[in-house]
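**Student:** Sending over protein34.txt (compact mmCIF, C-alpha atoms).
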# COMPACT_ATOMS: atom_id res chain seq x y z
CA MET E 1 123.92 54.84 51.64
CA SER E 2 125.89 52.61 54.06
CA LYS E 3 126.07 53.28 57.78
CA SER E 4 129.76 54.16 57.49
CA ASP E 5 128.94 56.80 54.85
CA GLU E 6 126.22 58.25 57.11
CA ARG E 7 128.67 58.49 60.00
CA LYS E 8 131.22 60.26 57.79
CA LYS E 9 128.53 62.71 56.62
CA GLU E 10 127.48 63.44 60.23
CA ALA E 11 131.14 63.97 61.21
CA ARG E 12 131.62 66.45 58.37
CA GLY E 13 128.44 68.30 59.40
CA ALA E 14 129.62 68.49 62.98
CA GLU E 15 132.95 69.91 61.92
CA ALA E 16 131.20 72.59 59.86
CA SER E 17 128.81 73.62 62.68
CA PRO E 18 129.73 76.97 64.21
CA VAL E 19 130.77 77.10 67.85
CA VAL E 20 128.33 79.18 69.91
CA GLU E 21 130.08 81.28 72.52
CA PRO E 22 128.23 82.32 75.69
CA VAL E 23 126.89 85.88 75.63
CA GLN E 24 128.65 88.31 77.93
CA PHE E 25 127.15 91.67 78.88
CA LEU E 26 129.36 94.62 78.09
CA ALA E 27 128.73 98.25 78.89
CA PRO E 28 128.07 100.27 75.72
CA THR E 29 131.12 101.63 73.96
CA VAL E 30 131.19 104.89 72.07
CA ASP E 31 132.44 105.27 68.52
CA PRO E 32 134.07 108.69 68.06
CA GLU E 33 133.35 108.50 64.31
CA HIS E 34 129.58 108.40 64.87
CA ASP E 35 128.71 111.67 66.55
CA ARG E 36 129.61 110.61 70.08
CA ALA E 37 132.39 111.75 72.34
CA ASP E 38 134.93 108.93 72.72
CA ASP E 39 135.16 109.51 76.46
CA GLU E 40 131.40 109.68 77.10
CA LEU E 41 131.42 106.90 79.68
CA ARG E 42 134.83 107.55 81.21
CA PRO E 43 135.14 109.15 84.65
CA PRO E 44 135.74 112.89 84.24
CA ALA E 45 138.79 114.57 85.69
CA LYS E 46 137.92 116.15 89.02
CA SER E 47 140.08 118.47 91.03
CA PRO E 48 140.17 117.76 94.78
CA GLY E 49 137.66 119.74 96.80
CA SER E 50 135.93 121.29 93.79
CA PRO E 51 132.13 121.07 93.58
CA ARG E 52 130.86 118.69 90.95
CA ARG E 53 128.32 119.92 88.45
CA VAL E 54 126.51 118.15 85.67
CA SER E 55 126.65 120.13 82.45
CA ALA E 56 123.49 120.91 80.53
CA PRO E 57 122.65 118.49 77.73
CA THR E 58 123.83 119.68 74.33
CA LYS E 59 123.94 118.42 70.79
CA ARG E 60 126.10 115.38 70.11
CA ALA E 61 129.82 116.00 70.26
CA GLY E 62 130.24 114.95 66.64
CA ASP E 63 128.24 117.95 65.47
CA ALA E 64 130.58 120.37 67.26
CA ARG E 65 133.63 118.54 65.93
CA LYS E 66 132.39 118.69 62.35
CA ALA E 67 131.75 122.42 62.70
CA ALA E 68 135.24 122.96 64.13
CA GLU E 69 136.78 121.09 61.19
CA ALA E 70 135.02 123.26 58.60
CA PRO E 71 137.36 124.83 55.99
CA LYS E 72 139.14 127.91 57.28
CA SER E 73 138.30 129.59 54.01
CA ALA E 74 134.72 129.98 55.26
CA ALA E 75 135.56 133.43 56.63
CA ALA E 76 136.78 132.27 60.02
CA GLY E 77 136.30 134.97 62.61
CA SER E 78 133.64 136.66 60.47
CA PRO E 79 130.19 137.19 62.06
CA LYS E 80 128.83 134.82 59.41
CA SER E 81 131.31 132.05 60.16
CA LYS E 82 129.59 128.66 59.95
CA SER E 83 131.80 127.13 62.62
CA ALA E 84 130.71 129.72 65.20
CA ALA E 85 126.98 129.57 64.42
CA PRO E 86 126.08 126.30 66.21
CA ALA E 87 127.72 127.47 69.46
CA ARG E 88 125.98 130.86 69.40
CA SER E 89 122.65 129.20 68.59
CA ALA E 90 123.01 126.70 71.43
CA ASP E 91 123.93 129.49 73.84
CA ARG E 92 120.84 131.50 72.91
CA ARG E 93 118.61 128.48 73.49
CA ARG E 94 120.20 127.70 76.83
CA LYS E 95 119.83 131.28 78.07
CA ALA E 96 116.17 131.21 77.02
CA SER E 97 115.52 128.08 79.09
CA GLU E 98 113.52 128.57 82.27
CA CYS E 99 114.82 125.32 83.77
CA VAL E 100 117.25 125.83 86.67
CA VAL E 101 119.00 122.59 87.66
CA ALA E 102 120.47 122.07 91.13
CA ASP E 103 124.02 120.90 91.84
CA PRO E 104 123.94 117.06 91.89
CA GLU E 105 126.19 116.51 94.92
CA GLU E 106 123.30 116.05 97.35
CA LEU E 107 121.52 113.85 94.84
CA PHE E 108 124.57 111.59 94.68
CA GLU E 109 124.66 111.46 98.47
CA SER E 110 121.06 110.29 98.68
CA LEU E 111 121.69 107.67 95.98
CA GLY E 112 124.87 106.42 97.64
CA VAL E 113 126.78 106.51 94.33
CA THR E 114 128.46 109.06 92.08
CA LEU E 115 127.75 108.95 88.36
CA GLN E 116 129.83 110.18 85.46
CA ASP E 117 128.81 113.62 84.23
CA SER E 118 127.73 112.56 80.73
CA LEU E 119 125.75 109.58 82.03
CA MET E 120 124.03 111.61 84.76
CA THR E 121 123.15 114.35 82.28
CA LEU E 122 121.58 111.78 79.99
CA ALA E 123 119.59 110.24 82.86
CA LEU E 124 118.20 113.66 83.81
CA THR E 125 117.27 114.89 80.31
CA HIS E 126 113.51 114.79 79.73
CA ARG E 127 112.19 114.68 76.18
CA SER E 128 110.61 118.12 76.62
CA TRP E 129 114.12 119.61 76.90
CA ALA E 130 115.21 117.71 73.79
CA ASN E 131 112.17 118.94 71.86
CA GLU E 132 113.10 122.55 72.60
CA HIS E 133 116.86 122.21 72.06
CA GLY E 134 117.08 119.84 69.11
CA GLU E 135 119.19 116.69 68.56
CA VAL E 136 119.70 116.16 72.29
CA PRO E 137 119.54 112.53 73.51
CA THR E 138 116.84 111.89 76.14
CA ASN E 139 116.67 109.61 79.18
CA GLU E 140 114.05 107.30 77.66
CA ARG E 141 116.46 104.46 76.82
CA LEU E 142 117.93 104.56 80.32
CA GLU E 143 114.38 104.63 81.70
CA PHE E 144 113.61 101.45 79.71
CA LEU E 145 116.65 99.74 81.20
CA GLY E 146 116.03 101.03 84.72
CA ASP E 147 112.43 99.83 84.66
CA THR E 148 113.66 96.28 83.99
CA VAL E 149 116.38 96.44 86.65
CA LEU E 150 113.90 97.79 89.20
CA GLY E 151 111.35 95.09 88.41
CA LEU E 152 113.95 92.32 88.66
CA VAL E 153 115.38 93.48 92.00
CA VAL E 154 111.96 94.04 93.62
CA THR E 155 110.59 90.74 92.32
CA GLU E 156 113.61 88.83 93.60
CA GLN E 157 113.41 90.52 97.01
CA LEU E 158 109.70 89.73 97.39
CA TYR E 159 110.27 86.13 96.35
CA VAL E 160 112.98 85.67 98.96
CA THR E 161 111.33 87.53 101.84
CA HIS E 162 107.78 86.18 101.41
CA PRO E 163 108.09 82.41 100.89
CA ASP E 164 104.52 81.86 102.15
CA LYS E 165 102.78 84.13 99.61
CA GLU E 166 101.21 82.91 96.38
CA GLU E 167 102.09 84.31 92.96
CA GLY E 168 99.00 86.53 92.90
CA GLU E 169 99.86 88.14 96.24
CA LEU E 170 103.46 88.71 95.18
CA ALA E 171 102.24 90.34 91.97
CA LYS E 172 100.10 92.78 93.99
CA LEU E 173 103.03 93.61 96.25
CA ARG E 174 105.29 94.29 93.28
CA ALA E 175 102.68 96.38 91.46
CA ASN E 176 102.31 98.53 94.57
CA ILE E 177 106.04 99.11 94.94
CA VAL E 178 106.93 99.85 91.30
CA SER E 179 103.83 101.92 90.54
CA THR E 180 104.17 105.47 89.24
CA ALA E 181 103.07 107.14 92.47
CA SER E 182 105.32 104.95 94.63
CA LEU E 183 108.36 105.79 92.50
CA ALA E 184 107.41 109.47 92.53
CA GLU E 185 107.23 109.24 96.32
CA ILE E 186 110.81 107.94 96.37
CA ALA E 187 111.97 110.58 93.87
CA ARG E 188 110.63 113.41 96.04
CA ARG E 189 112.92 112.29 98.88
CA LEU E 190 116.11 112.46 96.81
CA GLY E 191 118.66 115.24 97.05
CA LYS E 192 117.64 118.73 98.06
CA GLY E 193 114.02 119.32 97.08
CA GLY E 194 113.51 116.06 95.23
CA LEU E 195 114.63 114.62 91.90
CA GLY E 196 112.57 117.19 90.02
CA GLU E 197 115.08 119.89 90.98
CA TYR E 198 117.75 118.07 88.95
CA LEU E 199 115.79 117.29 85.80
CA TYR E 200 116.28 119.12 82.51
CA LEU E 201 112.75 120.06 81.44
CA GLY E 202 111.42 122.16 78.62
CA ASN E 203 109.84 125.53 79.39
CA GLY E 204 106.35 124.15 78.90
CA GLU E 205 106.87 121.46 81.54
CA VAL E 206 108.52 123.93 83.91
CA ARG E 207 105.52 126.27 83.67
CA THR E 208 103.00 123.47 84.26
CA GLY E 209 104.68 122.00 87.33
CA GLY E 210 106.62 119.25 85.58
CA LYS E 211 109.18 119.08 88.39
CA ASN E 212 106.49 117.61 90.64
CA LYS E 213 104.55 115.43 88.19
CA ASP E 214 104.38 111.79 89.27
CA SER E 215 105.00 110.42 85.78
CA ILE E 216 108.07 112.60 85.12
CA LEU E 217 109.57 111.84 88.55
CA ALA E 218 108.97 108.10 88.21
CA ASP E 219 110.49 108.00 84.72
CA GLY E 220 113.47 110.04 85.90
CA LEU E 221 114.08 107.70 88.82
CA GLU E 222 114.03 104.68 86.52
CA ALA E 223 116.51 106.42 84.22
CA VAL E 224 118.86 107.08 87.14
CA ILE E 225 118.62 103.40 88.15
CA GLY E 226 119.46 102.47 84.56
CA ALA E 227 122.49 104.76 84.70
CA VAL E 228 123.69 103.13 87.93
CA HIS E 229 123.41 99.73 86.25
CA ILE E 230 125.37 100.89 83.20
CA GLN E 231 128.23 102.34 85.24
CA TYR E 232 128.44 99.86 88.13
CA GLY E 233 126.58 96.69 87.11
CA ILE E 234 123.68 94.75 88.61
CA GLU E 235 125.08 94.25 92.13
CA LYS E 236 125.50 97.96 92.85
CA ALA E 237 122.16 98.66 91.13
CA ARG E 238 120.55 96.10 93.44
CA GLU E 239 122.01 97.87 96.50
CA VAL E 240 120.69 101.23 95.32
CA VAL E 241 117.21 99.90 94.49
CA LEU E 242 116.83 98.07 97.81
CA ALA E 243 117.96 101.13 99.77
CA LEU E 244 115.53 103.39 97.91
CA CYS E 245 112.61 100.95 98.10
CA ALA E 246 113.12 99.79 101.70
CA PRO E 247 110.22 101.87 103.14
CA LEU E 248 107.88 100.71 100.37
CA LEU E 249 108.88 97.06 100.76
CA ALA E 250 108.11 97.26 104.47
CA ARG E 251 104.85 99.15 103.99
CA ALA E 252 103.52 96.94 101.21
CA ALA E 253 103.81 93.86 103.41
CA ARG E 254 101.55 95.53 106.00
CA LEU E 255 98.90 96.94 103.69
CA GLY E 256 96.95 93.73 103.05
CA ALA E 257 93.75 94.74 101.24
CA GLY E 258 95.22 98.19 100.69
CA LEU E 259 97.59 96.87 98.06
CA ASP E 260 94.74 97.39 95.60
CA TRP E 261 91.65 98.89 97.20
CA LYS E 262 89.54 98.67 94.04
CA THR E 263 90.18 94.97 93.57
CA SER E 264 89.73 94.29 97.29
CA LEU E 265 86.43 96.18 97.32
CA GLN E 266 85.13 94.28 94.32
CA GLU E 267 86.08 90.95 95.92
CA LEU E 268 84.42 92.00 99.20
CA CYS E 269 81.22 92.95 97.38
CA ALA E 270 81.16 89.58 95.65
CA ARG E 271 81.56 87.75 98.96
CA ARG E 272 78.72 89.78 100.52
CA GLY E 273 76.42 89.27 97.53
CA LEU E 274 76.49 92.94 96.55
CA ARG E 275 76.59 94.38 93.08
CA PRO E 276 79.98 95.57 91.75
CA PRO E 277 80.97 99.11 92.78
CA VAL E 278 80.40 102.02 90.40
CA TYR E 279 82.68 105.08 90.40
CA GLU E 280 81.68 108.65 89.56
CA VAL E 281 84.60 111.06 89.09
CA THR E 282 84.63 114.85 88.77
CA GLU E 283 87.59 117.15 88.18
CA ALA E 284 88.46 120.76 88.90
CA GLY E 285 91.37 123.14 88.40
CA PRO E 286 93.73 123.97 85.51
CA ASP E 287 95.38 121.23 83.49
CA HIS E 288 98.63 121.32 85.44
CA GLU E 289 96.89 121.31 88.84
CA LYS E 290 93.91 119.02 88.35
CA LEU E 291 92.08 117.74 91.41
CA PHE E 292 89.93 114.65 90.93
CA THR E 293 87.15 113.64 93.31
CA ALA E 294 85.65 110.14 93.17
CA VAL E 295 82.48 108.75 94.73
CA VAL E 296 81.95 104.98 94.87
CA LEU E 297 78.36 103.72 94.67
CA ILE E 298 77.33 100.28 95.87
CA GLU E 299 73.68 99.27 95.54
CA GLU E 300 73.16 102.91 94.44
CA LYS E 301 74.41 104.19 97.80
CA SER E 302 77.47 106.40 98.23
CA LEU E 303 79.81 104.49 100.55
CA GLY E 304 83.11 106.24 99.96
CA THR E 305 84.75 109.35 98.55
CA GLY E 306 88.34 110.25 97.73
CA SER E 307 90.37 113.00 96.11
CA GLY E 308 93.75 113.02 94.37
CA ARG E 309 95.91 114.46 91.63
CA THR E 310 94.93 111.61 89.31
CA LYS E 311 91.66 109.82 88.62
CA LYS E 312 93.19 106.55 89.76
CA GLU E 313 94.32 107.97 93.09
CA ALA E 314 90.87 109.42 93.77
CA GLU E 315 89.15 106.11 92.94
CA MET E 316 91.58 104.15 95.10
CA LYS E 317 90.92 106.35 98.11
CA ALA E 318 87.18 106.15 97.59
CA ALA E 319 87.41 102.37 97.33
CA GLY E 320 89.47 102.22 100.52
CA HIS E 321 86.87 104.19 102.43
CA ALA E 322 84.04 102.02 101.07
CA TRP E 323 85.95 98.85 101.97
CA GLY E 324 86.26 100.13 105.54
CA VAL E 325 82.53 100.92 105.71
CA ILE E 326 81.46 97.48 104.50
CA SER E 327 84.04 95.48 106.45
CA GLY E 328 83.63 97.53 109.62
CA GLU E 329 87.38 98.04 109.90
CA ASP E 330 89.26 101.29 110.23
CA VAL E 331 91.17 102.06 107.05
CA ALA E 332 94.38 104.10 107.09
CA LEU E 333 95.21 105.52 103.69
CA PRO E 334 98.96 106.20 103.44
CA GLY E 335 100.58 107.19 100.15
CA LEU E 336 98.56 104.33 98.63
CA GLY E 337 101.46 103.52 96.31
CA LEU E 338 99.43 104.18 93.20
Translate the structure of the given file into structure tokens.
**Tutor:**
Amino acid sequence: MSKSDERKKEARGAEASPVVEPVQFLAPTVDPEHDRADDELRPPAKSPGSPRRVSAPTKRAGDARKAAEAPKSAAAGSPKSKSAAPARSADRRRKASECVVADPEELFESLGVTLQDSLMTLALTHRSWANEHGEVPTNERLEFLGDTVLGLVVTEQLYVTHPDKEEGELAKLRANIVSTASLAEIARRLGKGGLGEYLYLGNGEVRTGGKNKDSILADGLEAVIGAVHIQYGIEKAREVVLALCAPLLARAARLGAGLDWKTSLQELCARRGLRPPVYEVTEAGPDHEKLFTAVVLIEEKSLGTGSGRTKKEAEMKAAGHAWGVISGEDVALPGLGL
């Protein structure tokens, strides 16, 4: 094949190559033909001066629409009418729920933003509610998104504000700030009584103190952050995250060894020629109110103890006390950011 033929072949190939357009992020749209309300992400009508309430999560709008469009010949108005059954069933379930959710106005004030009703309801719906009410979307997808947004914003902030710190130190700072207990600490400061007062939980979680569980609060906070990102975009989400995390960002920079007491204690033992620490943990109390107590042994001597609602928290406190004993420094143990 001559060079001119090769050039012609390359030209034809180039003409046939598809043009790749840059990807642009778009907020999710809702298809009214696939069991979703077509106005799910539109701002709801709100009369001036009226209190705003987030409605309880229900089955997808498409289910109600299909029931309403059922043939009128199915004994409409009769006690056995199929179109009326889903509504009566949902009402019975809702009345049986032990979960009382607070008005979200004060929650919005503490967040600094107002969210659309449907989006806020989704962000506050725990899977335990969905398990008891059937076919109700949960906040887990928003939690997944919010976790990423939170990590990005915190990582960027640490990178900018700590130009002298190495990657390993920045990683410890970030882990402290975005940990479950740190996020739960933030969640407890939101609204009136904490984020737990606004979550839709199943009866089982309500009875076992779910409104105050670190894991549920942290997941709920991440879901709310995800909702802010969906409605307003990354810039507003960044503002919200930085405002919420400001105390933790400031505290983490001061903690030093306290960013991870267990790791710091192990490193200190290695520098002093001591054997690695060993932890012994005991627990007491019912499942929903467990209290863990940890003792840290170094060279078979008890050098620190700690208690907490989780095994990790107890071990961290014990490690902090032991670190103080070995180093000879006074150790203050704040929220620990576990």
**Student:** Could you work out how far CA of Glu205 in chain E lies from CA of His133 in chain E, giving the answer in Å with one decimal?
**Tutor:**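 The value is 13.8 Å.
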**Student:** What gap, in Å, lies between CA of Glu140 in chain E and CA of Ala123 in chain E?
**Tutor:**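 Straight-line distance from CA of Glu140 in chain E to CA of Ala123 in chain E works out to 8.1 Å.
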**Student:** Find, counting only C-alpha atoms, the residue in E:Lys262, E:Ser182, E:Thr293, E:Leu199 that gets nearest to Pro247 in chain E.
**Tutor:**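 Counting only C-alpha atoms, the residue closest to Pro247 in chain E is E:Ser182.
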**Student:** Excluding same-chain residues fewer than 6 positions from Glu197 in chain E, what lies within 7 Å of it counting all atoms listed in the file, as a list of chain:residue names?
**Tutor:** E:Val101, E:Ala102, E:Lys211
**Student:** With only C-alpha atoms as the basis for distance, which of E:Ala318, E:Ala294, E:Leu242, E:Ala218 is at the shortest distance from Gly194 in chain E?
**Tutor:**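 Of E:Ala318, E:Ala294, E:Leu242, E:Ala218, the one nearest Gly194 in chain E is E:Ala218, counting only C-alpha atoms.
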**Student:** Which residues are near range 146-160 of chain E? Cut-off 9 Å, only C-alpha atoms, ignore same chain within fewer than 3 positions. Put them as JSON, numbers by chain.
**Tutor:** {"E": [141, 142, 143, 163, 165, 170, 171, 173, 174, 177, 178, 219, 221, 222, 223, 224, 225, 226, 227, 228, 229, 234, 237, 238, 241, 242, 245, 249]}
**Student:** Would you kindly return, as JSON, numbers by chain, each protein, DNA or RNA residue with an atom no farther than 8 Å from any atom of Val325 in chain E, considering only C-alpha atoms and excluding same-chain residues fewer than 3 positions away?
**Tutor:** {"E": [303, 304, 321, 322, 328, 329]}
**Student:** So the first atom is CA of Leu115 in chain E and the second is CA of Gly134 in chain E; what is the distance between them in Å, to one decimal place?
**Tutor:**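 Those two atoms sit 24.6 Å apart.
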**Student:** For Gly308 in chain E, please output as a compact mmCIF listing (two decimals) with C-alpha atoms, in the frame of the given file all residues within 8 Å (counting only C-alpha atoms; exclusion window: fewer than 3 positions along the same chain).
**Tutor:**
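Everything below was put into selection.txt:
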# COMPACT_ATOMS: atom_id res chain seq x y z
CA LEU E 291 92.08 117.74 91.41
CA PHE E 292 89.93 114.65 90.93
CA THR E 293 87.15 113.64 93.31
CA LYS E 311 91.66 109.82 88.62
CA LYS E 312 93.19 106.55 89.76
CA GLU E 313 94.32 107.97 93.09
CA ALA E 314 90.87 109.42 93.77
**Student:** With distances taken over only C-alpha atoms, which of E:Gln266, E:Leu201, E:Thr180, E:Asp287 is nearest to Arg127 in chain E?
**Tutor:** E:Leu201
**Student:** Which of these, E:Glu167, E:Glu315, E:Glu280, E:Asp214, has the shortest distance to Lys301 in chain E once you count all atoms listed in the file?
**Tutor:**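 Nearest candidate to Lys301 in chain E out of E:Glu167, E:Glu315, E:Glu280, E:Asp214: E:Glu280.
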**Student:** Pick the closest to Gly320 in chain E from E:Leu265, E:Leu124, E:Ala130, E:Ala270: which is it, counting all atoms listed in the file?
**Tutor:**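 For Gly320 in chain E, the nearest of the candidates is E:Leu265.
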**Student:** Could you write range 166-180 of chain E as a PDB file, in the coordinates of the input, with N, CA, C and O atoms rebuilt where they are missing?
**Tutor:**
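The new file out_3.pdb reads:
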ATOM      1  N   GLU E 166     101.453  83.441  97.720  1.00  0.00           N
ATOM      2  CA  GLU E 166     101.210  82.910  96.380  1.00  0.00           C
ATOM      3  C   GLU E 166     101.615  83.932  95.319  1.00  0.00           C
ATOM      4  O   GLU E 166     101.830  85.119  95.620  1.00  0.00           O
ATOM      5  N   GLU E 167     101.663  83.447  94.078  1.00  0.00           N
ATOM      6  CA  GLU E 167     102.090  84.310  92.960  1.00  0.00           C
ATOM      7  C   GLU E 167     101.213  85.549  92.843  1.00  0.00           C
ATOM      8  O   GLU E 167     101.714  86.661  92.614  1.00  0.00           O
ATOM      9  N   GLY E 168      99.901  85.396  93.020  1.00  0.00           N
ATOM     10  CA  GLY E 168      99.000  86.530  92.900  1.00  0.00           C
ATOM     11  C   GLY E 168      99.270  87.606  93.949  1.00  0.00           C
ATOM     12  O   GLY E 168      99.232  88.808  93.656  1.00  0.00           O
ATOM     13  N   GLU E 169      99.552  87.189  95.178  1.00  0.00           N
ATOM     14  CA  GLU E 169      99.860  88.140  96.240  1.00  0.00           C
ATOM     15  C   GLU E 169     101.177  88.855  95.974  1.00  0.00           C
ATOM     16  O   GLU E 169     101.300  90.065  96.194  1.00  0.00           O
ATOM     17  N   LEU E 170     102.170  88.096  95.495  1.00  0.00           N
ATOM     18  CA  LEU E 170     103.460  88.710  95.180  1.00  0.00           C
ATOM     19  C   LEU E 170     103.318  89.728  94.057  1.00  0.00           C
ATOM     20  O   LEU E 170     103.960  90.787  94.079  1.00  0.00           O
ATOM     21  N   ALA E 171     102.460  89.412  93.085  1.00  0.00           N
ATOM     22  CA  ALA E 171     102.240  90.340  91.970  1.00  0.00           C
ATOM     23  C   ALA E 171     101.633  91.646  92.466  1.00  0.00           C
ATOM     24  O   ALA E 171     101.994  92.736  91.997  1.00  0.00           O
ATOM     25  N   LYS E 172     100.702  91.568  93.431  1.00  0.00           N
ATOM     26  CA  LYS E 172     100.100  92.780  93.990  1.00  0.00           C
ATOM     27  C   LYS E 172     101.139  93.604  94.752  1.00  0.00           C
ATOM     28  O   LYS E 172     101.164  94.839  94.658  1.00  0.00           O
ATOM     29  N   LEU E 173     101.976  92.907  95.511  1.00  0.00           N
ATOM     30  CA  LEU E 173     103.030  93.610  96.250  1.00  0.00           C
ATOM     31  C   LEU E 173     103.952  94.353  95.284  1.00  0.00           C
ATOM     32  O   LEU E 173     104.273  95.533  95.480  1.00  0.00           O
ATOM     33  N   ARG E 174     104.368  93.664  94.234  1.00  0.00           N
ATOM     34  CA  ARG E 174     105.290  94.290  93.280  1.00  0.00           C
ATOM     35  C   ARG E 174     104.633  95.471  92.573  1.00  0.00           C
ATOM     36  O   ARG E 174     105.252  96.535  92.417  1.00  0.00           O
ATOM     37  N   ALA E 175     103.383  95.300  92.157  1.00  0.00           N
ATOM     38  CA  ALA E 175     102.680  96.380  91.460  1.00  0.00           C
ATOM     39  C   ALA E 175     102.589  97.619  92.347  1.00  0.00           C
ATOM     40  O   ALA E 175     102.710  98.759  91.872  1.00  0.00           O
ATOM     41  N   ASN E 176     102.390  97.410  93.638  1.00  0.00           N
ATOM     42  CA  ASN E 176     102.310  98.530  94.570  1.00  0.00           C
ATOM     43  C   ASN E 176     103.629  99.269  94.682  1.00  0.00           C
ATOM     44  O   ASN E 176     103.678 100.501  94.699  1.00  0.00           O
ATOM     45  N   ILE E 177     104.719  98.518  94.715  1.00  0.00           N
ATOM     46  CA  ILE E 177     106.040  99.110  94.940  1.00  0.00           C
ATOM     47  C   ILE E 177     106.576  99.833  93.711  1.00  0.00           C
ATOM     48  O   ILE E 177     107.179 100.907  93.827  1.00  0.00           O
ATOM     49  N   VAL E 178     106.352  99.266  92.519  1.00  0.00           N
ATOM     50  CA  VAL E 178     106.930  99.850  91.300  1.00  0.00           C
ATOM     51  C   VAL E 178     105.949 100.748  90.566  1.00  0.00           C
ATOM     52  O   VAL E 178     106.211 101.142  89.433  1.00  0.00           O
ATOM     53  N   SER E 179     104.829 101.065  91.186  1.00  0.00           N
ATOM     54  CA  SER E 179     103.830 101.920  90.540  1.00  0.00           C
ATOM     55  C   SER E 179     104.377 103.349  90.382  1.00  0.00           C
ATOM     56  O   SER E 179     105.332 103.753  91.046  1.00  0.00           O
ATOM     57  N   THR E 180     103.731 104.104  89.522  1.00  0.00           N
ATOM     58  CA  THR E 180     104.170 105.470  89.240  1.00  0.00           C
ATOM     59  C   THR E 180     104.194 106.338  90.491  1.00  0.00           C
ATOM     60  O   THR E 180     105.170 107.047  90.763  1.00  0.00           O
TER      61      THR E 180
END
